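For reference, the structure is listed below as structure tokens.
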Amino acid sequence: MRELLQVSGLSKSFGGVRALDRVRFTLRAGEVHALMGENGAGKSTFMKILMGLLTPDAGEVLLEGQPLRGQNVHEVLRRGIAMIHQEILAVPELTVAQNMFLGREKDVAAGRWGWVNDRKINQLAAQLLDQLGLDLAPTTPMKYLSVAQMQMVEIAKALSNHAKVLIMDEPTSALSDREVGTLFRIIQDLKRQGVAIIYISHKMDEIFAIADTITVLRDGTYIGTRPAAELDQSTLIAMMVGREINDLFPASTAHRGEEVLAVRNLTRAGYFTDVSFEVHRGEVLGLAGLMGAGRTELARAIFGLDRADSGEIYLKGQRVLISSPREAIRRGIGYVSEDRKALGFVPGLSVQQNLTLASLRSHQKGGLIREQSERTAAAAMITNLRIKASGPDQPVTYLSGGNQQKVVLGKVLLTSPELIMLDEPTRGVDIGAKFEIYKLINQLAASGLAVILISSELPEILGLSDRVLVLSKGRPTALLSKAEATQETIMQYAMQH
Amino acid sequence: MKSTLTDKVPLRRIGQYGIFLALVLICLVLALITPKFLTVPNLTIIVTQVSINALLAFGVTFVIITGGIDLSLGSMVAVTGVVAASFAHPDTYPLVVPLAMGLLAGVLIGAFNGFVITKSKVPPFIVTLGTMTIGRGLALILSKGRPISNLSDTFNFIGGGKVLGVPFPILVLVVAFVSCSVILRKTVLGRYMYAVGGNEQAARASGIDVSKVKMWVYTLSGGLAALAGIVLTSRITTGQPNAGVGFELNAIAAAIIGGTSTSGGTGTMAGTLIGALLIGVISNGLDLLNVTSYYQQVAMGVIIIGAVVLDSFNRTSAS
Amino acid sequence: MKSTLTDKVPLRRIGQYGIFLALVLICLVLALITPKFLTVPNLTIIVTQVSINALLAFGVTFVIITGGIDLSLGSMVAVTGVVAASFAHPDTYPLVVPLAMGLLAGVLIGAFNGFVITKSKVPPFIVTLGTMTIGRGLALILSKGRPISNLSDTFNFIGGGKVLGVPFPILVLVVAFVSCSVILRKTVLGRYMYAVGGNEQAARASGIDVSKVKMWVYTLSGGLAALAGIVLTSRITTGQPNAGVGFELNAIAAAIIGGTSTSGGTGTMAGTLIGALLIGVISNGLDLLNVTSYYQQVAMGVIIIGAVVLDSFNRTSAS
Amino acid sequence: NRGDESGSKLTVGVSMLSMQNEFIVNVSDEMEKKAKELGVELVVVDAERSALKQVEQIESFVAQQVDAIIMNPCEVEASSPAVTRALAANIPIINVNSETKTQPTAFVGSDDVESARIAMRYIAERLGGRGNVIMIHGYMGQAAQLKREQGAREILQNYPGLKLIAHQSGEWDRSKSMSLMENWIQSYGGQINAVFAQNDEMGMGAVKALTAAGLKDKVVVVSIDAIPDALDAVKKGTLDATVFQNAEQQGARAVETALKAAKGEAFDKQVLIPFELVTKENVAQYLK
Ligand SMILES: Nc1ncnc2c1ncn2[C@@H]1O[C@H](COP(=O)(O)OP(=O)(O)OP(=O)(O)O)[C@@H](O)[C@H]1O
Ligand SMILES: Nc1ncnc2c1ncn2[C@@H]1O[C@H](COP(=O)(O)OP(=O)(O)OP(=O)(O)O)[C@@H](O)[C@H]1O
Ligand SMILES: [Mg+2]
Ligand SMILES: [Mg+2]
């Protein structure tokens, strides 16, 4: 196969952090090349350098034999490299179509007198959306989309570039299986057309489903490149992590205790309807469903972030009205959001300050923070959750995704909840950290917490839940026991109307 | 579920024009209280008076949409006015010279703002606050601290003349409004302004030259400030080095009242125009009602806050 | 990789104080040019003059950290000064009465700002611009447009007296600085301010009562503005209804120069103090050098932009 | 004339330079007093020192068809279009306190240049024609600042022994001028013999700074306006002199003239009200 991209000796440091150290990489036309590595291994940094978004300190990048260094994004896009970014890069006030063709208006829809021809843009967008099976009006403002929908639009945007090299940095992190399926079909199409794809993901099953070649980075250094067929999961993990992880889903030792939360006929018009269920101490209740099924909205309503229109919520048998997160936390409910950037942490604050943010009131005297008490609590959480940070005072922004997730989890745990709702707790988290979070979920249940686990990764739901509630378009369609729950049954109920 | 998304758009539209309803309401009240309000001469005067603030507000709307701010507007009005006046004495240069020089001065200061903001990481607030002080100094230096008067009749026509009974400043306002609306809504540049203000990283990743867009908005703001400076100078038939003090706050207020968010990414020229008209109508109304000077200030503040509160509740209930 | 991260913290610290280096540099230059600069009396005068702006800047630092803005500072200075002066005539009330009344006025206006901002969705810019106008009107109404003079000696001691050779305003400044630093760095409220400004949604989801935090910062800002108003009134021994015009811009500038970001979530009181000192030193230096009035303004703008540009390059290279 | 025929009250529109300036407020109050006495309705608006605003206010008065206009001009040149607009609409316009370039129907007031001459002449006499003088300007570029500077410089030219060692803008503001004076004391210290401040507010600020530095006894301070605070200071001897402008006369005569013009009666086209120097000797007659 033709070599499209050759990279050698690529290095990049941020201040003192060596994010990339003499990395090499070769990409051939028509291949899906997976780039693997733990959180913070340098994958996104590498890709941003390719796109011209970051300037490398050293190294060479050749696209079809021509050097690519020192070019700006616009040039790179023109030369046929496009990228789906890990963090969703949408302009909230512009429409779906406007977002999709942002930066290329002159190329695709030059109107009279140099105006933008929005009608043309809308037509093109409608075609692409259709191709992706996305039921979305091109004129919808981006800000009204769910994370998943935005991610699909980002995918459409990258595809519309007709690039020779397509970079996908965790494109499925917010997608559920159906959309992932669509994406994979498109990837197969592109492969046939000779497009090369660099694919980054923390989801092992995806990698083995589509990758032809796998390159592994660890701590910014190049570890190796192998054909996917020669690798199995444990070898790959060992390359990435430097150790072996055997049983991803450890056995649970929890006992089901008294009822903690009961929800009766909870409805929020347009989002979820007539939802009833209960969770007990020591139990993990899985919430499964397709994208937009209303699981997040349900959790938000229970946590007091949104208001339900009707229905009741009972905590330990007592009817409660929860109007704010403040009240939810006081009543022993914790919520780890799926959107950790928007709702999880405060970027400017340190690891310690984020950890204690929700429980700061218990470390104060007359309004003054008792520093020793705060430090002790944070240190304990850092140890317990094995948060990898240079120290409690490191700004949380500099942490890898997995560790940021642990900080958010730690923050919620420090409020000593009796019920914890985890919404996509392993989104964007590497395999090592995932394993630790799974262990933690089991520990939490074993220590007597009630856990609600919302996840779009069915293996996760199946591996951890005691019971599974399936939602479809906001309506509960099944409540499955551990024995009944299989990938097939869940999917069947999730698509039921 | 998708249908609910589409339903929302018209509702949003009304919400967006809540401030328009506030304007209409205030006009109605004034028309009822005083017969002097709803007369052609009075309305003409309001629009003429609003024109200068509106020109500045259009420029700063561009800037705010990209997430910036421009505090140098008032000083640019003074500098450009002084520069234009220096070339506008009778029987010296043809009219185009003072106009061109005034515009050039504004464009240069605006470009300087843009240059410093894009080349360094200094916040726009500080850069334009600096230019505000520098500009005031320049206006005084250029005029030696004295008003520049004795301007030609052709120059004075811009602020004082009428075409078919319509004061010339109103024509300038209309042309500027249409042009600015077109730039914002129809051109690539306008689209990029929203992108830069809405999500600068996304704009950059889409290959947009963010610095170029910012250079443009500050330069446009400077150009429009120059236009305002020229209209003002011609209206008071003098290049006044101390003109325009505090104009920036009124212009920014007009933009924000009209729905432009200081965090960037939103805003329309129509909204800004309504914002400027709102301020103008309130001020005119309070004068007509002969509210005492001190109480006028209190009333002005209360009514503006009230109008925007009304608008905001309207918006919240619509979404 | 981890160890290098720790290395970065001190580097960042220096970056943070780049503006401090700029201040030191300017002082050095001034000391070299004129022997009158580096004398105890002159430095004392600078700090005394800076105190009013610094008090306002401390208050607005709280506000900006939460992502807001307060344009009503200057008017609050006037209102609180007028109110305090009304109760400060000799042989009427004990000193505590004018102080309490002045503070109360500031706190009330600040709380009003906070109330409107939290209860409606109106941007702080508009609300505080409204209060700016209202406040000015109130000051004029309360004083009937005339300065209120003939104040008691005890009251005038606040602005004009000395304790152990140190002017009283400097003592006020020191106490306010320490208190504000403690509030920001050591209290739950201070932590919440950073959280609200850094990520309001996350703050809410962490159970923080965002509205309460905002109420607090605007009220604090009002209280500190009242303190500034009292010091100013006492310094000029008159309650001036037209005092403090434009003070808000200088105070905001001090905060931003000192590293507080208008997008919220960052800022320190030390930075703000340095920012205020920088402005004060430049202004004093230009007077000492007897730079002509017009050129002073140009120089002021250029030096401030220059200092912050220096700082920003320093920061960029450090990160 | 209109009002007279219909028998209803006459309306006079008044645009004042700044209602935040004590002297102007006094003039305005005197006008109100006189208007009440004569049964005229006054509509008083505040131009807030902006010529543009003033022009707009006069335009509004014209649109409302008031019977006469009294304008306290912000600027010599820039307020002129207001006069033109009023005259074009056949509405009499009376300038009070200061002039515009365009001739109004009538003028009531005094020449600002003269006030500064009086003040500076006093300084020259006190210093015996020799010494270092400092001048504190009002807001740069405003009519009052320009005229007062002009008057002061005229006198300085007549006294070669007087040296203007520094001058800056105190923006009409007491605290600004106080800071300015503090800084000057640092750079000039004992060299300063006299200070001329273009208004009393700034004069008071200079006095405060000089007193705090223990220099007041050695420096002569003179300012303009004779606001109550300044009169008090003159009485106490901290301010050496101020220049009195007669607010009562200016206000009353302006309203009278406006009324006569509106009714078509005969009136004086120019009513000059002289300035008076106020020193410790004669301050008693100005204190109320
Ligand atoms: N702008 C930046 N400033 C400082 N450090 C950075 C910056 N961007 C990335 N880093 C650091 O560089 C390293 C590599 O980050 P990168 O985002 O490339 O990792 P990744 O492999 O994409 O991880 P993930 O799987 O979590 O997305 C990390 O240690 C990260 O903290
Ligand atoms: N602000 C909003 N305005 C309009 N519709 C919205 C908004 N937020 C979410 N929705 C829609 O509400 C529906 C439910 O979204 P929700 O996030 O609860 O789904 P979910 O089951 O959690 O799915 P996901 O797996 O994407 O998180 C989706 O169709 C989404 O598009
Ligand atoms: Mg990444
Ligand atoms: Mg969800």
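Residue numbering restarts at 1 in every chain; chains get A, B, ... in the order shown in the structure tokens, and ligands count up from 1 in that same order.
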
Let me see if you get this right: every residue at most 6 Å from ligand 2, counting only C-alpha atoms and all ligand atoms, written as a PDB file with all heavy atoms, in the first residue's frame.
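Printed below is part-v3.pdb as written:
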```
ATOM      1  N   TYR A 144     -28.545  23.579  20.749  1.00  0.00           N
ATOM      2  CA  TYR A 144     -29.682  22.782  21.185  1.00  0.00           C
ATOM      3  C   TYR A 144     -29.455  21.287  21.034  1.00  0.00           C
ATOM      4  O   TYR A 144     -30.348  20.490  21.294  1.00  0.00           O
ATOM      5  CB  TYR A 144     -30.950  23.199  20.436  1.00  0.00           C
ATOM      6  CG  TYR A 144     -31.401  24.574  20.824  1.00  0.00           C
ATOM      7  CD1 TYR A 144     -31.278  25.651  19.975  1.00  0.00           C
ATOM      8  CD2 TYR A 144     -31.917  24.804  22.106  1.00  0.00           C
ATOM      9  CE1 TYR A 144     -31.652  26.925  20.353  1.00  0.00           C
ATOM     10  CE2 TYR A 144     -32.297  26.073  22.501  1.00  0.00           C
ATOM     11  CZ  TYR A 144     -32.163  27.123  21.630  1.00  0.00           C
ATOM     12  OH  TYR A 144     -32.532  28.374  22.026  1.00  0.00           O
ATOM     13  N   LEU A 145     -28.266  20.913  20.597  1.00  0.00           N
ATOM     14  CA  LEU A 145     -27.989  19.495  20.382  1.00  0.00           C
ATOM     15  C   LEU A 145     -27.460  18.830  21.645  1.00  0.00           C
ATOM     16  O   LEU A 145     -26.831  19.471  22.482  1.00  0.00           O
ATOM     17  CB  LEU A 145     -26.939  19.350  19.261  1.00  0.00           C
ATOM     18  CG  LEU A 145     -27.472  19.197  17.834  1.00  0.00           C
ATOM     19  CD1 LEU A 145     -28.449  20.292  17.492  1.00  0.00           C
ATOM     20  CD2 LEU A 145     -26.323  19.166  16.858  1.00  0.00           C
ATOM     21  N   SER A 146     -27.684  17.535  21.742  1.00  0.00           N
ATOM     22  CA  SER A 146     -27.062  16.784  22.829  1.00  0.00           C
ATOM     23  C   SER A 146     -25.605  16.528  22.436  1.00  0.00           C
ATOM     24  O   SER A 146     -25.221  16.688  21.283  1.00  0.00           O
ATOM     25  CB  SER A 146     -27.788  15.462  23.045  1.00  0.00           C
ATOM     26  OG  SER A 146     -27.581  14.632  21.928  1.00  0.00           O
ATOM     27  N   VAL A 147     -24.815  16.149  23.432  1.00  0.00           N
ATOM     28  CA  VAL A 147     -23.399  15.898  23.177  1.00  0.00           C
ATOM     29  C   VAL A 147     -23.235  14.900  22.029  1.00  0.00           C
ATOM     30  O   VAL A 147     -22.404  15.065  21.145  1.00  0.00           O
ATOM     31  CB  VAL A 147     -22.716  15.356  24.446  1.00  0.00           C
ATOM     32  CG1 VAL A 147     -21.228  15.166  24.202  1.00  0.00           C
ATOM     33  CG2 VAL A 147     -22.937  16.290  25.606  1.00  0.00           C
ATOM     34  N   ALA A 148     -24.060  13.870  22.057  1.00  0.00           N
ATOM     35  CA  ALA A 148     -23.954  12.836  21.040  1.00  0.00           C
ATOM     36  C   ALA A 148     -24.242  13.397  19.654  1.00  0.00           C
ATOM     37  O   ALA A 148     -23.528  13.122  18.690  1.00  0.00           O
ATOM     38  CB  ALA A 148     -24.926  11.709  21.363  1.00  0.00           C
ATOM     39  N   TYR A 271     -38.584  14.745  27.433  1.00  0.00           N
ATOM     40  CA  TYR A 271     -37.323  14.086  27.768  1.00  0.00           C
ATOM     41  C   TYR A 271     -37.518  12.659  28.280  1.00  0.00           C
ATOM     42  O   TYR A 271     -36.921  11.732  27.783  1.00  0.00           O
ATOM     43  CB  TYR A 271     -36.545  14.906  28.786  1.00  0.00           C
ATOM     44  CG  TYR A 271     -36.185  16.275  28.266  1.00  0.00           C
ATOM     45  CD1 TYR A 271     -36.898  17.403  28.661  1.00  0.00           C
ATOM     46  CD2 TYR A 271     -35.144  16.425  27.358  1.00  0.00           C
ATOM     47  CE1 TYR A 271     -36.574  18.656  28.167  1.00  0.00           C
ATOM     48  CE2 TYR A 271     -34.810  17.671  26.861  1.00  0.00           C
ATOM     49  CZ  TYR A 271     -35.530  18.785  27.260  1.00  0.00           C
ATOM     50  OH  TYR A 271     -35.206  20.013  26.767  1.00  0.00           O
ATOM     51  N   MET A 291     -28.674   6.706  22.387  1.00  0.00           N
ATOM     52  CA  MET A 291     -28.437   8.135  22.541  1.00  0.00           C
ATOM     53  C   MET A 291     -29.764   8.879  22.509  1.00  0.00           C
ATOM     54  O   MET A 291     -30.637   8.595  21.720  1.00  0.00           O
ATOM     55  CB  MET A 291     -27.539   8.582  21.386  1.00  0.00           C
ATOM     56  CG  MET A 291     -27.786   9.959  20.878  1.00  0.00           C
ATOM     57  SD  MET A 291     -26.824  10.174  19.363  1.00  0.00           S
ATOM     58  CE  MET A 291     -27.528  11.685  18.774  1.00  0.00           C
ATOM     59  N   GLY A 292     -29.916   9.813  23.438  1.00  0.00           N
ATOM     60  CA  GLY A 292     -31.145  10.597  23.480  1.00  0.00           C
ATOM     61  C   GLY A 292     -32.304   9.870  24.131  1.00  0.00           C
ATOM     62  O   GLY A 292     -33.441  10.314  24.057  1.00  0.00           O
ATOM     63  N   ALA A 293     -32.016   8.774  24.808  1.00  0.00           N
ATOM     64  CA  ALA A 293     -33.089   8.029  25.449  1.00  0.00           C
ATOM     65  C   ALA A 293     -33.625   8.747  26.674  1.00  0.00           C
ATOM     66  O   ALA A 293     -34.693   8.418  27.181  1.00  0.00           O
ATOM     67  CB  ALA A 293     -32.602   6.637  25.827  1.00  0.00           C
ATOM     68  N   GLY A 294     -32.875   9.726  27.168  1.00  0.00           N
ATOM     69  CA  GLY A 294     -33.358  10.513  28.301  1.00  0.00           C
ATOM     70  C   GLY A 294     -32.753  10.101  29.627  1.00  0.00           C
ATOM     71  O   GLY A 294     -33.221  10.520  30.678  1.00  0.00           O
ATOM     72  N   ARG A 295     -31.692   9.309  29.575  1.00  0.00           N
ATOM     73  CA  ARG A 295     -31.094   8.835  30.831  1.00  0.00           C
ATOM     74  C   ARG A 295     -30.450   9.979  31.599  1.00  0.00           C
ATOM     75  O   ARG A 295     -30.617  10.113  32.816  1.00  0.00           O
ATOM     76  CB  ARG A 295     -30.030   7.768  30.519  1.00  0.00           C
ATOM     77  CG  ARG A 295     -30.602   6.565  29.836  1.00  0.00           C
ATOM     78  CD  ARG A 295     -29.528   5.778  29.157  1.00  0.00           C
ATOM     79  NE  ARG A 295     -28.899   6.575  28.109  1.00  0.00           N
ATOM     80  CZ  ARG A 295     -27.796   6.226  27.487  1.00  0.00           C
ATOM     81  NH1 ARG A 295     -27.183   5.101  27.807  1.00  0.00           N
ATOM     82  NH2 ARG A 295     -27.291   6.990  26.547  1.00  0.00           N
ATOM     83  N   THR A 296     -29.695  10.804  30.876  1.00  0.00           N
ATOM     84  CA  THR A 296     -29.041  11.933  31.537  1.00  0.00           C
ATOM     85  C   THR A 296     -30.070  12.872  32.141  1.00  0.00           C
ATOM     86  O   THR A 296     -29.932  13.322  33.281  1.00  0.00           O
ATOM     87  CB  THR A 296     -28.166  12.684  30.526  1.00  0.00           C
ATOM     88  OG1 THR A 296     -27.169  11.790  30.053  1.00  0.00           O
ATOM     89  CG2 THR A 296     -27.516  13.898  31.144  1.00  0.00           C
ATOM     90  N   GLU A 297     -31.117  13.133  31.377  1.00  0.00           N
ATOM     91  CA  GLU A 297     -32.154  14.034  31.864  1.00  0.00           C
ATOM     92  C   GLU A 297     -32.807  13.490  33.126  1.00  0.00           C
ATOM     93  O   GLU A 297     -33.131  14.242  34.049  1.00  0.00           O
ATOM     94  CB  GLU A 297     -33.225  14.240  30.789  1.00  0.00           C
ATOM     95  CG  GLU A 297     -32.731  14.995  29.570  1.00  0.00           C
ATOM     96  CD  GLU A 297     -32.374  16.444  29.897  1.00  0.00           C
ATOM     97  OE1 GLU A 297     -32.925  16.985  30.874  1.00  0.00           O
ATOM     98  OE2 GLU A 297     -31.539  17.014  29.181  1.00  0.00           O
TER      99      GLU A 297
ATOM    100  N   MET B   1     -39.246  13.954  19.025  1.00  0.00           N
ATOM    101  CA  MET B   1     -38.294  14.747  19.803  1.00  0.00           C
ATOM    102  C   MET B   1     -37.652  15.829  18.952  1.00  0.00           C
ATOM    103  O   MET B   1     -37.391  16.916  19.398  1.00  0.00           O
ATOM    104  CB  MET B   1     -37.211  13.835  20.370  1.00  0.00           C
ATOM    105  CG  MET B   1     -36.588  14.409  21.628  1.00  0.00           C
ATOM    106  SD  MET B   1     -36.134  13.139  22.811  1.00  0.00           S
ATOM    107  CE  MET B   1     -37.695  12.597  23.439  1.00  0.00           C
ATOM    108  N   LEU B   5     -37.604  20.465  18.770  1.00  0.00           N
ATOM    109  CA  LEU B   5     -36.461  21.338  18.512  1.00  0.00           C
ATOM    110  C   LEU B   5     -36.826  22.412  17.493  1.00  0.00           C
ATOM    111  O   LEU B   5     -36.479  23.566  17.646  1.00  0.00           O
ATOM    112  CB  LEU B   5     -35.284  20.522  17.979  1.00  0.00           C
ATOM    113  CG  LEU B   5     -34.431  19.858  19.046  1.00  0.00           C
ATOM    114  CD1 LEU B   5     -33.389  18.976  18.417  1.00  0.00           C
ATOM    115  CD2 LEU B   5     -33.789  20.904  19.933  1.00  0.00           C
TER     116      LEU B   5
END
```

For this session: Check which residues fall inside 9 Å of ligand 1 when counting only C-alpha atoms and all ligand atoms, and print them as number ranges by chain.
Result: A: 12-20, 36-48, 86-87, 169-170, 200-202, 217-220, 397-403, 428-430; C: 1-2, 5, 319

Exercise. If you count only C-alpha atoms, which residues fall within 12 Å of A:Glu327, apart from same-chain ones fewer than 3 positions away, as a ChimeraX atom specification?
Worked result: /A:302-305,320-324,330-334,358,415 /C:204-209

Next, dump the selected residues to file, keeping only N, CA and C atoms, as a PDB file, in the first residue's frame.
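File produced: result.pdb:
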```pdb
ATOM      1  N   ILE A 302     -33.414  13.945  39.070  1.00  0.00           N
ATOM      2  CA  ILE A 302     -33.308  13.406  40.419  1.00  0.00           C
ATOM      3  C   ILE A 302     -32.350  14.252  41.256  1.00  0.00           C
ATOM      4  N   PHE A 303     -31.315  14.754  40.607  1.00  0.00           N
ATOM      5  CA  PHE A 303     -30.293  15.519  41.313  1.00  0.00           C
ATOM      6  C   PHE A 303     -30.697  16.992  41.506  1.00  0.00           C
ATOM      7  N   GLY A 304     -31.839  17.380  40.963  1.00  0.00           N
ATOM      8  CA  GLY A 304     -32.289  18.756  41.178  1.00  0.00           C
ATOM      9  C   GLY A 304     -31.725  19.762  40.200  1.00  0.00           C
ATOM     10  N   LEU A 305     -31.054  19.263  39.155  1.00  0.00           N
ATOM     11  CA  LEU A 305     -30.522  20.204  38.150  1.00  0.00           C
ATOM     12  C   LEU A 305     -31.624  20.660  37.206  1.00  0.00           C
ATOM     13  N   VAL A 320     -39.686  13.235  48.819  1.00  0.00           N
ATOM     14  CA  VAL A 320     -38.876  14.457  48.863  1.00  0.00           C
ATOM     15  C   VAL A 320     -39.084  15.275  47.597  1.00  0.00           C
ATOM     16  N   LEU A 321     -38.899  16.575  47.748  1.00  0.00           N
ATOM     17  CA  LEU A 321     -38.910  17.462  46.601  1.00  0.00           C
ATOM     18  C   LEU A 321     -37.512  18.066  46.518  1.00  0.00           C
ATOM     19  N   ILE A 322     -36.824  17.770  45.442  1.00  0.00           N
ATOM     20  CA  ILE A 322     -35.449  18.262  45.336  1.00  0.00           C
ATOM     21  C   ILE A 322     -35.391  19.343  44.278  1.00  0.00           C
ATOM     22  N   SER A 323     -35.103  20.569  44.732  1.00  0.00           N
ATOM     23  CA  SER A 323     -35.172  21.682  43.783  1.00  0.00           C
ATOM     24  C   SER A 323     -33.795  22.187  43.379  1.00  0.00           C
ATOM     25  N   SER A 324     -32.750  21.713  44.047  1.00  0.00           N
ATOM     26  CA  SER A 324     -31.414  22.179  43.664  1.00  0.00           C
ATOM     27  C   SER A 324     -30.392  21.100  44.006  1.00  0.00           C
ATOM     28  N   ARG A 330     -27.283  17.485  50.149  1.00  0.00           N
ATOM     29  CA  ARG A 330     -27.595  17.429  51.576  1.00  0.00           C
ATOM     30  C   ARG A 330     -28.368  16.173  51.927  1.00  0.00           C
ATOM     31  N   ARG A 331     -29.170  15.706  50.993  1.00  0.00           N
ATOM     32  CA  ARG A 331     -29.970  14.507  51.255  1.00  0.00           C
ATOM     33  C   ARG A 331     -29.232  13.227  50.910  1.00  0.00           C
ATOM     34  N   GLY A 332     -27.959  13.367  50.544  1.00  0.00           N
ATOM     35  CA  GLY A 332     -27.158  12.170  50.330  1.00  0.00           C
ATOM     36  C   GLY A 332     -27.177  11.627  48.912  1.00  0.00           C
ATOM     37  N   ILE A 333     -27.477  12.486  47.946  1.00  0.00           N
ATOM     38  CA  ILE A 333     -27.424  12.038  46.564  1.00  0.00           C
ATOM     39  C   ILE A 333     -26.178  12.640  45.902  1.00  0.00           C
ATOM     40  N   GLY A 334     -25.453  11.823  45.151  1.00  0.00           N
ATOM     41  CA  GLY A 334     -24.297  12.330  44.427  1.00  0.00           C
ATOM     42  C   GLY A 334     -24.481  12.067  42.946  1.00  0.00           C
ATOM     43  N   ALA A 358     -17.410  20.324  46.913  1.00  0.00           N
ATOM     44  CA  ALA A 358     -18.808  20.070  47.281  1.00  0.00           C
ATOM     45  C   ALA A 358     -18.964  19.819  48.775  1.00  0.00           C
ATOM     46  N   THR A 415     -18.773  14.007  49.646  1.00  0.00           N
ATOM     47  CA  THR A 415     -20.010  14.502  50.246  1.00  0.00           C
ATOM     48  C   THR A 415     -20.731  13.384  50.989  1.00  0.00           C
TER      49      THR A 415
ATOM     50  N   ARG C 204     -22.629  25.043  40.587  1.00  0.00           N
ATOM     51  CA  ARG C 204     -24.007  24.741  40.976  1.00  0.00           C
ATOM     52  C   ARG C 204     -24.167  23.253  41.246  1.00  0.00           C
ATOM     53  N   ALA C 205     -23.581  22.451  40.363  1.00  0.00           N
ATOM     54  CA  ALA C 205     -23.696  21.005  40.524  1.00  0.00           C
ATOM     55  C   ALA C 205     -22.945  20.513  41.768  1.00  0.00           C
ATOM     56  N   SER C 206     -22.032  21.348  42.291  1.00  0.00           N
ATOM     57  CA  SER C 206     -21.338  20.972  43.512  1.00  0.00           C
ATOM     58  C   SER C 206     -22.085  21.459  44.742  1.00  0.00           C
ATOM     59  N   GLY C 207     -23.298  21.937  44.532  1.00  0.00           N
ATOM     60  CA  GLY C 207     -24.126  22.344  45.649  1.00  0.00           C
ATOM     61  C   GLY C 207     -23.855  23.753  46.143  1.00  0.00           C
ATOM     62  N   ILE C 208     -23.144  24.533  45.348  1.00  0.00           N
ATOM     63  CA  ILE C 208     -22.874  25.912  45.753  1.00  0.00           C
ATOM     64  C   ILE C 208     -24.064  26.783  45.381  1.00  0.00           C
ATOM     65  N   ASP C 209     -24.455  27.647  46.314  1.00  0.00           N
ATOM     66  CA  ASP C 209     -25.546  28.565  46.058  1.00  0.00           C
ATOM     67  C   ASP C 209     -24.978  29.758  45.286  1.00  0.00           C
TER      68      ASP C 209
END
```

Using only C-alpha atoms, tabulate the residues of chain A lying at most 6 Å from any atom of chain C, each with its closest atom pair and that distance in Å to one decimal, by chain and increasing residue number, as a tab-separated table.
```
residue	atom	partner	partner_atom	distance
A:Gly15	CA	C:Ser319	CA	5.2
A:Gly16	CA	C:Thr4	CA	4.9
A:Val17	CA	C:Met1	CA	5.6
A:Pro325	CA	C:Gly207	CA	5.1
A:Arg326	CA	C:Gly207	CA	3.7
A:Leu343	CA	C:Ala202	CA	4.1
A:Gly344	CA	C:Ala202	CA	5.4
A:Phe345	CA	C:Ala202	CA	5.9
A:Val346	CA	C:Asn199	CA	5.3
A:Ala358	CA	C:Ser206	CA	4.6
A:Gly367	CA	C:Thr187	CA	5.5
A:Leu368	CA	C:Thr187	CA	4.3
A:Ile369	CA	C:Thr187	CA	5.2
A:Ser390	CA	C:Lys2	CA	5.6
```

Exercise. Got a sec to tell me which of stretch 29-273 of chain C DSSP assigns to helix (DSSP H, G or I), as a ChimeraX atom specification?
Worked result: /C:29-33,40-65,73-86,96-119,124-143,153-160,168-186,188-198,200-205,210-235,247-257,269-273

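For the pair atom CA of D:Ala197 and atom CA of D:Leu277, the interatomic distance is 14.4 Å.
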
Exercise. Leaving out stretch 30-46 of chain D and any residue of its chain fewer than 3 positions from it, which residues lie within 6 Å of it when counting only C-alpha atoms, given as a list in words?
Worked result: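 That gives Asn290 and Ser293 of chain B; Lys9, Leu10, Thr11, Val12, Gly13, Val14, Ser15, Met16, Ser18, Met19, Val27, Glu248, Gly251 and Ala252 of chain D.
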
Exercise. Neighbours of ligand 4 within 12 Å, counting only C-alpha atoms and all ligand atoms, as a PyMOL selection string?
Worked result: chain A and resi 145-149+173-176+271+287-300+336-340+421-425+427+453-457+471+474
